[in-house]
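Asks: Please find structure18.cif (mmCIF, C-alpha atoms (C1' of nucleotides)) on the next line:
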```cif
data_entry
loop_
_atom_site.group_PDB
_atom_site.id
_atom_site.type_symbol
_atom_site.label_atom_id
_atom_site.label_comp_id
_atom_site.auth_asym_id
_atom_site.auth_seq_id
_atom_site.Cartn_x
_atom_site.Cartn_y
_atom_site.Cartn_z
ATOM 1 C CA MET A 1 27.305 143.603 95.163
ATOM 2 C CA VAL A 2 28.163 139.979 95.659
ATOM 3 C CA ASP A 3 30.690 138.996 98.277
ATOM 4 C CA ASN A 4 33.350 137.689 95.959
ATOM 5 C CA GLY A 5 35.741 137.942 98.867
ATOM 6 C CA ARG A 6 35.687 134.377 99.952
ATOM 7 C CA GLN A 7 35.817 132.436 96.750
ATOM 8 C CA LEU A 8 38.965 134.090 95.649
ATOM 9 C CA ASP A 9 40.718 130.830 96.401
ATOM 10 C CA SER A 10 38.692 129.121 93.680
ATOM 11 C CA VAL A 11 39.889 131.749 91.212
ATOM 12 C CA PHE A 12 43.490 131.121 92.188
ATOM 13 C CA ARG A 13 42.965 127.388 92.125
ATOM 14 C CA ALA A 14 41.561 127.665 88.614
ATOM 15 C CA LEU A 15 44.674 129.593 87.590
ATOM 16 C CA GLY A 16 46.871 127.003 89.251
ATOM 17 C CA ASP A 17 47.217 124.773 86.248
ATOM 18 C CA PRO A 18 49.461 125.411 83.238
ATOM 19 C CA THR A 19 46.813 124.240 80.764
ATOM 20 C CA ARG A 20 44.306 126.719 82.095
ATOM 21 C CA LEU A 21 46.842 129.543 82.174
ATOM 22 C CA ARG A 22 47.386 128.968 78.471
ATOM 23 C CA MET A 23 43.670 129.113 77.889
ATOM 24 C CA ILE A 24 43.435 132.465 79.645
ATOM 25 C CA GLU A 25 46.328 133.777 77.585
ATOM 26 C CA GLN A 26 44.484 132.697 74.434
ATOM 27 C CA LEU A 27 41.283 134.310 75.581
ATOM 28 C CA ALA A 28 43.021 137.581 76.398
ATOM 29 C CA GLN A 29 43.381 137.976 72.646
ATOM 30 C CA GLY A 30 39.711 137.458 71.940
ATOM 31 C CA GLU A 31 36.857 135.005 71.954
ATOM 32 C CA ARG A 32 37.578 131.367 71.255
ATOM 33 C CA THR A 33 35.567 128.207 70.783
ATOM 34 C CA VAL A 34 36.270 125.238 73.005
ATOM 35 C CA SER A 35 37.920 123.545 70.025
ATOM 36 C CA ASP A 36 40.145 126.596 69.482
ATOM 37 C CA LEU A 37 41.281 126.380 73.080
ATOM 38 C CA ALA A 38 41.823 122.631 72.818
ATOM 39 C CA ALA A 39 43.740 122.721 69.528
ATOM 40 C CA PRO A 40 47.236 123.551 70.855
ATOM 41 C CA LEU A 41 46.878 121.150 73.777
ATOM 42 C CA ASP A 42 48.026 117.551 73.900
ATOM 43 C CA MET A 43 44.685 116.380 75.206
ATOM 44 C CA THR A 44 41.256 115.177 74.129
ATOM 45 C CA LEU A 45 38.473 117.659 73.506
ATOM 46 C CA ALA A 46 36.597 116.245 76.493
ATOM 47 C CA GLY A 47 39.610 116.927 78.680
ATOM 48 C CA ALA A 48 39.882 120.500 77.462
ATOM 49 C CA SER A 49 36.156 120.957 77.975
ATOM 50 C CA LYS A 50 36.581 120.019 81.612
ATOM 51 C CA HIS A 51 39.256 122.685 82.019
ATOM 52 C CA VAL A 52 36.936 125.236 80.447
ATOM 53 C CA GLY A 53 34.348 124.137 82.982
ATOM 54 C CA VAL A 54 36.735 124.815 85.847
ATOM 55 C CA LEU A 55 37.470 128.306 84.533
ATOM 56 C CA GLU A 56 33.773 128.974 84.057
ATOM 57 C CA GLN A 57 32.991 127.736 87.553
ATOM 58 C CA ALA A 58 35.559 130.136 88.961
ATOM 59 C CA GLY A 59 33.947 132.956 87.017
ATOM 60 C CA LEU A 60 36.981 133.518 84.834
ATOM 61 C CA LEU A 61 35.131 133.023 81.573
ATOM 62 C CA THR A 62 31.674 132.749 80.102
ATOM 63 C CA ARG A 63 30.508 130.146 77.613
ATOM 64 C CA GLU A 64 27.819 131.048 75.132
ATOM 65 C CA LYS A 65 26.178 128.617 72.735
ATOM 66 C CA ARG A 66 26.300 129.831 69.163
ATOM 67 C CA GLY A 67 25.245 127.295 66.566
ATOM 68 C CA ARG A 68 26.998 124.057 67.427
ATOM 69 C CA GLU A 69 29.925 125.902 68.912
ATOM 70 C CA ARG A 70 30.444 127.329 72.373
ATOM 71 C CA ILE A 71 32.071 130.708 72.363
ATOM 72 C CA CYS A 72 34.269 131.393 75.362
ATOM 73 C CA ALA A 73 35.152 134.889 76.497
ATOM 74 C CA LEU A 74 37.186 136.204 79.419
ATOM 75 C CA ASN A 75 35.291 137.661 82.307
ATOM 76 C CA GLN A 76 37.317 140.511 83.732
ATOM 77 C CA GLU A 77 35.717 140.586 87.145
ATOM 78 C CA SER A 78 37.324 137.478 88.554
ATOM 79 C CA LEU A 79 40.659 138.406 87.081
ATOM 80 C CA PHE A 80 40.366 141.854 88.613
ATOM 81 C CA ALA A 81 39.436 140.374 91.975
ATOM 82 C CA ALA A 82 42.590 138.284 91.881
ATOM 83 C CA ARG A 83 44.661 141.261 90.824
ATOM 84 C CA ASP A 84 43.252 143.421 93.594
ATOM 85 C CA TRP A 85 43.951 140.856 96.283
ATOM 86 C CA VAL A 86 47.522 140.322 95.163
ATOM 87 C CA GLU A 87 48.122 144.039 94.849
ATOM 88 C CA ARG A 88 46.727 144.718 98.254
ATOM 89 C CA TYR A 89 48.794 142.219 100.142
ATOM 90 C CA SER A 90 52.016 142.726 98.271
ATOM 91 C CA ALA A 91 51.553 146.443 98.938
ATOM 92 C CA PHE A 92 51.117 145.848 102.672
ATOM 93 C CA TRP A 93 54.317 143.937 102.698
ATOM 94 C CA SER A 94 56.171 146.579 100.721
ATOM 95 C CA GLN A 95 55.105 149.231 103.194
ATOM 96 C CA ARG A 96 56.412 147.162 106.052
ATOM 97 C CA LEU A 97 59.741 146.742 104.315
ATOM 98 C CA ASP A 98 59.914 150.477 103.709
ATOM 99 C CA ALA A 99 59.108 151.192 107.344
ATOM 100 C CA LEU A 100 61.774 148.753 108.479
ATOM 101 C CA ASP A 101 64.238 150.389 106.171
ATOM 102 C CA GLN A 102 63.396 153.774 107.570
ATOM 103 C CA ALA A 103 63.703 152.579 111.152
ATOM 104 C CA LEU A 104 67.114 151.066 110.513
ATOM 105 C CA LYS A 105 68.264 154.220 108.803
ATOM 106 C CA GLU A 106 67.172 156.421 111.681
ATOM 107 C CA ASP A 107 68.615 154.042 114.191
ATOM 108 C CA GLY A 108 72.031 154.155 112.607
ATOM 109 C CA ASP A 109 71.759 157.905 112.267
ATOM 110 C CA ASP A 110 73.943 159.068 115.158
ATOM 111 C CA MET B 111 67.258 136.437 85.228
ATOM 112 C CA VAL B 112 65.554 133.195 86.021
ATOM 113 C CA ASP B 113 62.672 132.045 83.896
ATOM 114 C CA ASN B 114 59.979 132.252 86.523
ATOM 115 C CA GLY B 115 57.526 132.290 83.669
ATOM 116 C CA ARG B 116 56.592 128.676 83.732
ATOM 117 C CA GLN B 117 56.104 127.900 87.358
ATOM 118 C CA LEU B 118 53.622 130.653 87.808
ATOM 119 C CA ASP B 119 50.999 127.972 88.003
ATOM 120 C CA SER B 120 52.579 126.652 91.204
ATOM 121 C CA VAL B 121 52.282 130.136 92.703
ATOM 122 C CA PHE B 122 48.611 130.296 91.796
ATOM 123 C CA ARG B 123 48.045 126.757 93.005
ATOM 124 C CA ALA B 124 49.631 127.674 96.335
ATOM 125 C CA LEU B 125 47.242 130.626 96.592
ATOM 126 C CA GLY B 126 44.320 128.398 95.670
ATOM 127 C CA ASP B 127 43.497 127.351 99.202
ATOM 128 C CA PRO B 128 41.670 129.475 101.790
ATOM 129 C CA THR B 129 43.975 128.389 104.612
ATOM 130 C CA ARG B 130 47.016 129.538 102.702
ATOM 131 C CA LEU B 131 45.378 132.804 101.666
ATOM 132 C CA ARG B 132 44.862 133.538 105.362
ATOM 133 C CA MET B 133 48.501 132.787 106.026
ATOM 134 C CA ILE B 134 49.587 135.260 103.368
ATOM 135 C CA GLU B 135 47.285 137.890 104.825
ATOM 136 C CA GLN B 136 48.889 137.330 108.225
ATOM 137 C CA LEU B 137 52.362 137.535 106.785
ATOM 138 C CA ALA B 138 51.584 140.779 104.965
ATOM 139 C CA GLN B 139 51.539 142.365 108.418
ATOM 140 C CA GLY B 140 54.914 141.067 109.404
ATOM 141 C CA GLU B 141 56.961 138.019 110.240
ATOM 142 C CA ARG B 142 55.256 135.114 111.943
ATOM 143 C CA THR B 143 56.326 131.810 113.423
ATOM 144 C CA VAL B 144 54.728 128.620 112.165
ATOM 145 C CA SER B 145 52.809 128.441 115.440
ATOM 146 C CA ASP B 146 51.550 131.998 114.960
ATOM 147 C CA LEU B 147 50.224 131.049 111.549
ATOM 148 C CA ALA B 148 48.685 127.863 112.894
ATOM 149 C CA ALA B 149 47.008 129.476 115.920
ATOM 150 C CA PRO B 150 43.831 130.810 114.263
ATOM 151 C CA LEU B 151 43.375 127.652 112.214
ATOM 152 C CA ASP B 152 41.263 124.658 113.116
ATOM 153 C CA MET B 153 44.054 122.265 112.345
ATOM 154 C CA THR B 154 47.064 120.536 113.885
ATOM 155 C CA LEU B 155 50.463 122.187 113.847
ATOM 156 C CA ALA B 156 51.701 119.488 111.512
ATOM 157 C CA GLY B 157 48.922 120.294 109.096
ATOM 158 C CA ALA B 158 49.713 123.993 109.177
ATOM 159 C CA SER B 159 53.391 123.208 108.696
ATOM 160 C CA LYS B 160 52.537 121.392 105.490
ATOM 161 C CA HIS B 161 50.712 124.451 104.196
ATOM 162 C CA VAL B 162 53.730 126.590 105.040
ATOM 163 C CA GLY B 163 55.784 124.097 103.061
ATOM 164 C CA VAL B 164 53.563 124.534 100.022
ATOM 165 C CA LEU B 165 53.908 128.318 100.196
ATOM 166 C CA GLU B 166 57.662 128.025 100.627
ATOM 167 C CA GLN B 167 57.915 125.619 97.697
ATOM 168 C CA ALA B 168 56.059 128.121 95.516
ATOM 169 C CA GLY B 169 58.503 130.800 96.596
ATOM 170 C CA LEU B 170 55.853 132.843 98.381
ATOM 171 C CA LEU B 171 57.639 132.837 101.722
ATOM 172 C CA THR B 172 60.924 132.044 103.362
ATOM 173 C CA ARG B 173 61.399 130.089 106.562
ATOM 174 C CA GLU B 174 64.353 130.875 108.763
ATOM 175 C CA LYS B 175 65.352 128.895 111.827
ATOM 176 C CA ARG B 176 65.752 131.092 114.886
ATOM 177 C CA GLY B 177 66.162 129.228 118.144
ATOM 178 C CA ARG B 178 63.548 126.557 118.220
ATOM 179 C CA GLU B 179 61.176 128.635 116.152
ATOM 180 C CA ARG B 180 60.887 129.049 112.395
ATOM 181 C CA ILE B 181 60.314 132.595 111.321
ATOM 182 C CA CYS B 182 58.250 132.969 108.168
ATOM 183 C CA ALA B 183 58.374 136.066 106.001
ATOM 184 C CA LEU B 184 56.664 136.961 102.751
ATOM 185 C CA ASN B 185 58.764 136.875 99.635
ATOM 186 C CA GLN B 186 57.597 139.637 97.335
ATOM 187 C CA GLU B 187 58.992 138.199 94.141
ATOM 188 C CA SER B 188 56.509 135.414 93.646
ATOM 189 C CA LEU B 189 53.643 137.657 94.630
ATOM 190 C CA PHE B 190 54.837 140.254 92.147
ATOM 191 C CA ALA B 191 55.159 137.628 89.435
ATOM 192 C CA ALA B 192 51.551 136.650 90.010
ATOM 193 C CA ARG B 193 50.457 140.270 90.051
ATOM 194 C CA ASP B 194 52.299 141.004 86.820
ATOM 195 C CA TRP B 195 50.767 138.062 85.005
ATOM 196 C CA VAL B 196 47.247 138.932 86.081
ATOM 197 C CA GLU B 197 47.753 142.597 85.243
ATOM 198 C CA ARG B 198 49.129 141.780 81.854
ATOM 199 C CA TYR B 199 46.338 139.531 80.707
ATOM 200 C CA SER B 200 43.489 141.476 82.226
ATOM 201 C CA ALA B 201 44.941 144.527 80.493
ATOM 202 C CA PHE B 202 45.042 142.760 77.125
ATOM 203 C CA TRP B 203 41.431 141.938 77.540
ATOM 204 C CA SER B 204 40.517 145.481 78.554
ATOM 205 C CA GLN B 205 42.210 146.845 75.465
ATOM 206 C CA ARG B 206 40.217 144.502 73.299
ATOM 207 C CA LEU B 207 37.002 145.619 74.907
ATOM 208 C CA ASP B 208 37.986 149.244 74.413
ATOM 209 C CA ALA B 209 38.814 148.605 70.767
ATOM 210 C CA LEU B 210 35.505 146.851 70.253
ATOM 211 C CA ASP B 211 33.747 149.764 71.897
ATOM 212 C CA GLN B 212 35.513 152.180 69.622
ATOM 213 C CA ALA B 213 34.697 150.148 66.535
ATOM 214 C CA LEU B 214 31.043 149.985 67.422
ATOM 215 C CA LYS B 215 30.952 153.695 68.114
ATOM 216 C CA GLU B 216 32.588 154.546 64.797
ATOM 217 C CA ASP B 217 30.354 152.118 62.991
ATOM 218 C CA GLY B 218 27.222 153.728 64.309
ATOM 219 C CA ASP B 219 28.640 157.147 63.619
ATOM 220 C CA ASP B 220 26.819 158.106 60.429
ATOM 221 C "C1'" DG C 221 69.623 116.274 133.802
ATOM 222 C "C1'" DA C 222 64.722 116.333 133.097
ATOM 223 C "C1'" DT C 223 60.907 118.225 130.973
ATOM 224 C "C1'" DA C 224 58.355 121.273 127.934
ATOM 225 C "C1'" DT C 225 58.093 123.698 123.537
ATOM 226 C "C1'" DA C 226 58.393 124.293 118.455
ATOM 227 C "C1'" DC C 227 58.617 122.022 114.664
ATOM 228 C "C1'" DT C 228 59.306 118.361 111.053
ATOM 229 C "C1'" DC C 229 58.814 113.785 109.145
ATOM 230 C "C1'" DA C 230 56.686 109.448 107.675
ATOM 231 C "C1'" DA C 231 52.804 106.774 107.202
ATOM 232 C "C1'" DC C 232 48.288 106.652 106.431
ATOM 233 C "C1'" DC C 233 43.393 107.888 104.869
ATOM 234 C "C1'" DA C 234 39.595 110.090 102.260
ATOM 235 C "C1'" DT C 235 38.571 112.988 98.721
ATOM 236 C "C1'" DA C 236 39.727 116.006 94.748
ATOM 237 C "C1'" DT C 237 41.889 116.511 90.335
ATOM 238 C "C1'" DG C 238 43.450 115.639 85.629
ATOM 239 C "C1'" DG C 239 43.107 112.712 82.332
ATOM 240 C "C1'" DT C 240 40.983 108.863 79.393
ATOM 241 C "C1'" DT C 241 37.197 106.326 76.677
ATOM 242 C "C1'" DG C 242 32.577 105.589 74.849
ATOM 243 C "C1'" DA C 243 27.982 107.192 74.301
ATOM 244 C "C1'" DT C 244 24.877 110.890 73.344
ATOM 245 C "C1'" DA C 245 22.853 115.372 71.770
ATOM 246 C "C1'" DA C 246 22.544 119.172 68.765
ATOM 247 C "C1'" DT C 247 23.714 121.625 64.711
ATOM 248 C "C1'" DG C 248 25.520 122.273 59.863
ATOM 249 C "C1'" DG C 249 26.188 120.845 55.231
ATOM 250 C "C1'" DA C 250 25.982 117.275 51.302
ATOM 251 C "C1'" DT D 251 18.003 112.279 54.729
ATOM 252 C "C1'" DC D 252 22.665 111.109 56.000
ATOM 253 C "C1'" DC D 253 26.909 112.149 57.749
ATOM 254 C "C1'" DA D 254 30.389 115.041 59.903
ATOM 255 C "C1'" DT D 255 31.377 118.423 63.443
ATOM 256 C "C1'" DT D 256 31.162 120.422 68.072
ATOM 257 C "C1'" DA D 257 30.666 119.667 72.471
ATOM 258 C "C1'" DT D 258 29.004 117.536 76.802
ATOM 259 C "C1'" DC D 259 28.259 113.682 79.992
ATOM 260 C "C1'" DA D 260 29.153 109.517 82.748
ATOM 261 C "C1'" DA D 261 32.155 106.180 84.218
ATOM 262 C "C1'" DC D 262 36.487 105.055 85.241
ATOM 263 C "C1'" DC D 263 41.592 105.294 86.614
ATOM 264 C "C1'" DA D 264 45.969 107.059 88.619
ATOM 265 C "C1'" DT D 265 47.903 110.482 91.177
ATOM 266 C "C1'" DA D 266 47.783 114.734 94.002
ATOM 267 C "C1'" DT D 267 46.025 117.097 97.986
ATOM 268 C "C1'" DG D 268 44.526 118.144 102.678
ATOM 269 C "C1'" DG D 269 44.204 116.347 106.701
ATOM 270 C "C1'" DT D 270 45.327 113.136 110.730
ATOM 271 C "C1'" DT D 271 48.382 110.543 114.199
ATOM 272 C "C1'" DG D 272 52.671 109.077 116.287
ATOM 273 C "C1'" DA D 273 57.456 109.449 116.567
ATOM 274 C "C1'" DG D 274 61.614 112.097 116.500
ATOM 275 C "C1'" DT D 275 64.894 116.324 116.710
ATOM 276 C "C1'" DA D 276 66.383 120.691 118.487
ATOM 277 C "C1'" DT D 277 66.132 124.209 121.591
ATOM 278 C "C1'" DA D 278 64.664 126.454 125.917
ATOM 279 C "C1'" DT D 279 63.716 126.286 130.817
ATOM 280 C "C1'" DC D 280 63.517 124.393 135.423
#
```
Give the structure from this file in structure tokens form.

Replies:
Amino acid sequence: MVDNGRQLDSVFRALGDPTRLRMIEQLAQGERTVSDLAAPLDMTLAGASKHVGVLEQAGLLTREKRGRERICALNQESLFAARDWVERYSAFWSQRLDALDQALKEDGDD
Amino acid sequence: MVDNGRQLDSVFRALGDPTRLRMIEQLAQGERTVSDLAAPLDMTLAGASKHVGVLEQAGLLTREKRGRERICALNQESLFAARDWVERYSAFWSQRLDALDQALKEDGDD
DNA sequence: GATATACTCAACCATATGGTTGATAATGGA
DNA sequence: TCCATTATCAACCATATGGTTGAGTATATC
């Protein structure tokens, strides 16, 4: 088991760009070539390719050569790692709010 | 209902830095002053303050002046927005994998 | 009032990032 | 074989980012 723990920030950084978010949304619906991903974007193919590279680097997708195309596919693991982190820390916070709530309720309970 | 939808990327970008991830982890345990957040970091207070600003800008925390201190507290909403997005698109992808699985199974089912 | 504390702001610097163009490689189809 | 398609690479540019220092503003404490 790899320690994904401390490159989570690179996953979030990769998601921190509207162009790349769109790419992920595309890929959630199935495999896409780099050209497919580039098509809806107002950008050169080379530019789009660089974005794909960032997502690949962060482990969010895989790129497989098939003929002269490169087929991109989502890689769940990184997405799940991000989800787990966010869930964990928003949950912590929720618990604290609940506890605070409880304390206030009991305090005003005379 | 505000359209948070299209500044999600700023939330992810804010999370895309290890220093700021640590800050969020701190804040998940309760309110903290800017100095509290800065203490464990190898960085000037001014530097830490800028990071807090980024998180505030992205809506991930609120900063409230109390005496000469600024009390920082997590703001669930942005965190939840991030969680929801990630959950949604990783789920889409899972469904596709399941469907593919099913199709393959049925195909080889003679 | 004088001084220390907590923090922000502005200016600055080095590096990273998002984009372009032009060249190149590899594959597919006429 | 010849050309078009798909994609990457390298070089370049402008702007954003992460950090610093030095100064300034409130607030607390002596």

Asks: Please measure the separation of atom C1' of C:DA243 and atom C1' of D:DC262, giving the value in Å to one decimal.

Replies: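 For atom C1' of C:DA243 relative to atom C1' of D:DC262, the distance reads 14.0 Å.
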
Asks: Show me as a ChimeraX atom specification the residues that reach within 12 Å of (41.8, 113.8, 110.6), counting all atoms listed in the file and using the file's own coordinates.

Replies: /B:152-154,156-157 /C:232-234 /D:268-271

Asks: Enumerate, as a PyMOL selection string, the residues matched when the PyMOL selection byres ((chain A and resi 79-87) around 8) is run on the file above.

Replies: (chain A and resi 4+8+11-12+60+75-78+88-91) or (chain B and resi 189-190+192-193+196-197+200)

Asks: For a quick test of understanding: name the residues of chain B lying within 12 Å of chain C when counting all atoms listed in the file, and present them as a ChimeraX atom specification.

Replies: /B:143-146,148,154-160,162-163,173,175-181

Asks: Taking (34.4, 134.5, 74.0) in the file's coordinates as the center, which residues reach within 8 Å of it, counting only C-alpha atoms (C1' of nucleotides), put as a count of residues only?

Replies: 13

Asks: Compile the contact shell of A:Ala14 as an MDAnalysis selection string: residues with an atom at most 9 Å away, counting all atoms listed in the file, same-chain residues fewer than 2 positions apart removed.

Replies: (chainID A and resid 9:12 16:17 20:21 51 54:55 57:58 60) or (chainID B and resid 122:123 126)

Asks: Can I have chain A aligned to chain B? Use a least-squares fit on all Cα atoms paired in order and write it out as an mmCIF file with C-alpha atoms, keeping the file's coordinate frame.

Replies:
```
data_model
loop_
_atom_site.group_PDB
_atom_site.id
_atom_site.type_symbol
_atom_site.label_atom_id
_atom_site.label_comp_id
_atom_site.auth_asym_id
_atom_site.auth_seq_id
_atom_site.Cartn_x
_atom_site.Cartn_y
_atom_site.Cartn_z
ATOM 1 C CA MET A 1 67.552 136.133 85.945
ATOM 2 C CA VAL A 2 65.658 132.937 86.511
ATOM 3 C CA ASP A 3 62.833 132.002 84.197
ATOM 4 C CA ASN A 4 60.022 132.271 86.684
ATOM 5 C CA GLY A 5 57.671 132.335 83.733
ATOM 6 C CA ARG A 6 56.639 128.754 83.758
ATOM 7 C CA GLN A 7 56.105 127.973 87.383
ATOM 8 C CA LEU A 8 53.627 130.718 87.809
ATOM 9 C CA ASP A 9 50.971 128.038 87.984
ATOM 10 C CA SER A 10 52.542 126.700 91.173
ATOM 11 C CA VAL A 11 52.276 130.169 92.697
ATOM 12 C CA PHE A 12 48.605 130.355 91.799
ATOM 13 C CA ARG A 13 48.029 126.824 92.989
ATOM 14 C CA ALA A 14 49.618 127.707 96.316
ATOM 15 C CA LEU A 15 47.249 130.669 96.589
ATOM 16 C CA GLY A 16 44.320 128.459 95.679
ATOM 17 C CA ASP A 17 43.486 127.419 99.191
ATOM 18 C CA PRO A 18 41.669 129.542 101.778
ATOM 19 C CA THR A 19 43.978 128.439 104.598
ATOM 20 C CA ARG A 20 47.030 129.573 102.700
ATOM 21 C CA LEU A 21 45.420 132.856 101.679
ATOM 22 C CA ARG A 22 44.909 133.586 105.359
ATOM 23 C CA MET A 23 48.531 132.811 106.029
ATOM 24 C CA ILE A 24 49.643 135.274 103.369
ATOM 25 C CA GLU A 25 47.356 137.917 104.822
ATOM 26 C CA GLN A 26 48.955 137.331 108.227
ATOM 27 C CA LEU A 27 52.428 137.530 106.790
ATOM 28 C CA ALA A 28 51.675 140.770 104.967
ATOM 29 C CA GLN A 29 51.624 142.344 108.414
ATOM 30 C CA GLY A 30 55.015 141.016 109.397
ATOM 31 C CA GLU A 31 57.033 137.950 110.233
ATOM 32 C CA ARG A 32 55.323 135.056 111.948
ATOM 33 C CA THR A 33 56.352 131.736 113.421
ATOM 34 C CA VAL A 34 54.715 128.581 112.152
ATOM 35 C CA SER A 35 52.789 128.401 115.428
ATOM 36 C CA ASP A 36 51.571 131.985 114.946
ATOM 37 C CA LEU A 37 50.252 131.053 111.529
ATOM 38 C CA ALA A 38 48.660 127.877 112.868
ATOM 39 C CA ALA A 39 47.010 129.489 115.899
ATOM 40 C CA PRO A 40 43.845 130.867 114.238
ATOM 41 C CA LEU A 41 43.353 127.713 112.178
ATOM 42 C CA ASP A 42 41.208 124.735 113.080
ATOM 43 C CA MET A 43 44.000 122.313 112.323
ATOM 44 C CA THR A 44 46.981 120.541 113.853
ATOM 45 C CA LEU A 45 50.390 122.176 113.829
ATOM 46 C CA ALA A 46 51.632 119.460 111.479
ATOM 47 C CA GLY A 47 48.845 120.309 109.062
ATOM 48 C CA ALA A 48 49.678 124.000 109.152
ATOM 49 C CA SER A 49 53.348 123.182 108.686
ATOM 50 C CA LYS A 50 52.497 121.375 105.476
ATOM 51 C CA HIS A 51 50.693 124.458 104.183
ATOM 52 C CA VAL A 52 53.724 126.570 105.025
ATOM 53 C CA GLY A 53 55.759 124.069 103.042
ATOM 54 C CA VAL A 54 53.538 124.531 100.006
ATOM 55 C CA LEU A 55 53.909 128.310 100.193
ATOM 56 C CA GLU A 56 57.659 127.985 100.606
ATOM 57 C CA GLN A 57 57.882 125.597 97.671
ATOM 58 C CA ALA A 58 56.055 128.110 95.507
ATOM 59 C CA GLY A 59 58.505 130.783 96.593
ATOM 60 C CA LEU A 60 55.871 132.822 98.380
ATOM 61 C CA LEU A 61 57.651 132.799 101.717
ATOM 62 C CA THR A 62 60.947 131.981 103.349
ATOM 63 C CA ARG A 63 61.426 130.010 106.545
ATOM 64 C CA GLU A 64 64.375 130.784 108.758
ATOM 65 C CA LYS A 65 65.354 128.805 111.836
ATOM 66 C CA ARG A 66 65.759 131.002 114.879
ATOM 67 C CA GLY A 67 66.156 129.156 118.153
ATOM 68 C CA ARG A 68 63.501 126.464 118.218
ATOM 69 C CA GLU A 69 61.167 128.554 116.130
ATOM 70 C CA ARG A 70 60.920 128.979 112.382
ATOM 71 C CA ILE A 71 60.344 132.529 111.320
ATOM 72 C CA CYS A 72 58.298 132.903 108.163
ATOM 73 C CA ALA A 73 58.413 136.005 106.005
ATOM 74 C CA LEU A 74 56.711 136.928 102.741
ATOM 75 C CA ASN A 75 58.807 136.849 99.634
ATOM 76 C CA GLN A 76 57.628 139.609 97.343
ATOM 77 C CA GLU A 77 59.017 138.203 94.133
ATOM 78 C CA SER A 78 56.514 135.424 93.642
ATOM 79 C CA LEU A 79 53.664 137.673 94.630
ATOM 80 C CA PHE A 80 54.870 140.273 92.158
ATOM 81 C CA ALA A 81 55.171 137.661 89.429
ATOM 82 C CA ALA A 82 51.555 136.703 90.005
ATOM 83 C CA ARG A 83 50.488 140.326 90.042
ATOM 84 C CA ASP A 84 52.329 141.063 86.819
ATOM 85 C CA TRP A 85 50.790 138.136 84.985
ATOM 86 C CA VAL A 86 47.275 139.019 86.060
ATOM 87 C CA GLU A 87 47.793 142.668 85.231
ATOM 88 C CA ARG A 88 49.161 141.873 81.841
ATOM 89 C CA TYR A 89 46.372 139.641 80.693
ATOM 90 C CA SER A 90 43.527 141.592 82.191
ATOM 91 C CA ALA A 91 45.015 144.642 80.471
ATOM 92 C CA PHE A 92 45.082 142.869 77.104
ATOM 93 C CA TRP A 93 41.468 142.052 77.510
ATOM 94 C CA SER A 94 40.555 145.580 78.534
ATOM 95 C CA GLN A 95 42.225 146.952 75.433
ATOM 96 C CA ARG A 96 40.240 144.603 73.265
ATOM 97 C CA LEU A 97 37.019 145.701 74.905
ATOM 98 C CA ASP A 98 37.964 149.330 74.368
ATOM 99 C CA ALA A 99 38.769 148.671 70.722
ATOM 100 C CA LEU A 100 35.460 146.890 70.249
ATOM 101 C CA ASP A 101 33.688 149.777 71.861
ATOM 102 C CA GLN A 102 35.407 152.199 69.558
ATOM 103 C CA ALA A 103 34.597 150.141 66.482
ATOM 104 C CA LEU A 104 30.928 149.944 67.396
ATOM 105 C CA LYS A 105 30.824 153.654 68.043
ATOM 106 C CA GLU A 106 32.369 154.488 64.690
ATOM 107 C CA ASP A 107 30.181 151.999 62.940
ATOM 108 C CA GLY A 108 27.023 153.563 64.273
ATOM 109 C CA ASP A 109 28.386 156.997 63.496
ATOM 110 C CA ASP A 110 26.497 157.834 60.300
#
```

Asks: If the cut-off is 8 Å, can you tell me the residues of chain D near chain A, counting all atoms listed in the file? I'd like them as a compact mmCIF listing (two decimals) with C-alpha atoms (C1' of nucleotides), in the frame of the given file.

Replies:
```txt
# COMPACT_ATOMS: atom_id res chain seq x y z
C1' DT D 256 31.16 120.42 68.07
C1' DA D 257 30.67 119.67 72.47
C1' DT D 258 29.00 117.54 76.80
```

Asks: Because the input lacks atoms here, generate N, CA and C atoms for stretch 48-55 of chain A and report them as a short mmCIF file (atom, residue, chain, number, x, y, z; two decimals), in the frame of the given file.

Replies:
```
data_model
loop_
_atom_site.label_atom_id
_atom_site.label_comp_id
_atom_site.auth_asym_id
_atom_site.auth_seq_id
_atom_site.Cartn_x
_atom_site.Cartn_y
_atom_site.Cartn_z
N ALA A 48 39.83 119.04 77.55
CA ALA A 48 39.88 120.50 77.46
C ALA A 48 38.58 121.10 77.95
N SER A 49 37.47 120.47 77.58
CA SER A 49 36.16 120.96 77.97
C SER A 49 36.03 121.01 79.50
N LYS A 50 36.63 120.02 80.15
CA LYS A 50 36.58 120.02 81.61
C LYS A 50 37.35 121.21 82.18
N HIS A 51 38.48 121.52 81.56
CA HIS A 51 39.26 122.68 82.02
C HIS A 51 38.45 123.97 81.84
N VAL A 52 37.79 124.07 80.69
CA VAL A 52 36.94 125.24 80.45
C VAL A 52 35.87 125.33 81.54
N GLY A 53 35.34 124.17 81.92
CA GLY A 53 34.35 124.14 82.98
C GLY A 53 34.88 124.68 84.30
N VAL A 54 36.12 124.33 84.60
CA VAL A 54 36.74 124.82 85.85
C VAL A 54 36.87 126.33 85.81
N LEU A 55 37.31 126.85 84.67
CA LEU A 55 37.47 128.31 84.53
C LEU A 55 36.12 129.01 84.61
#
```
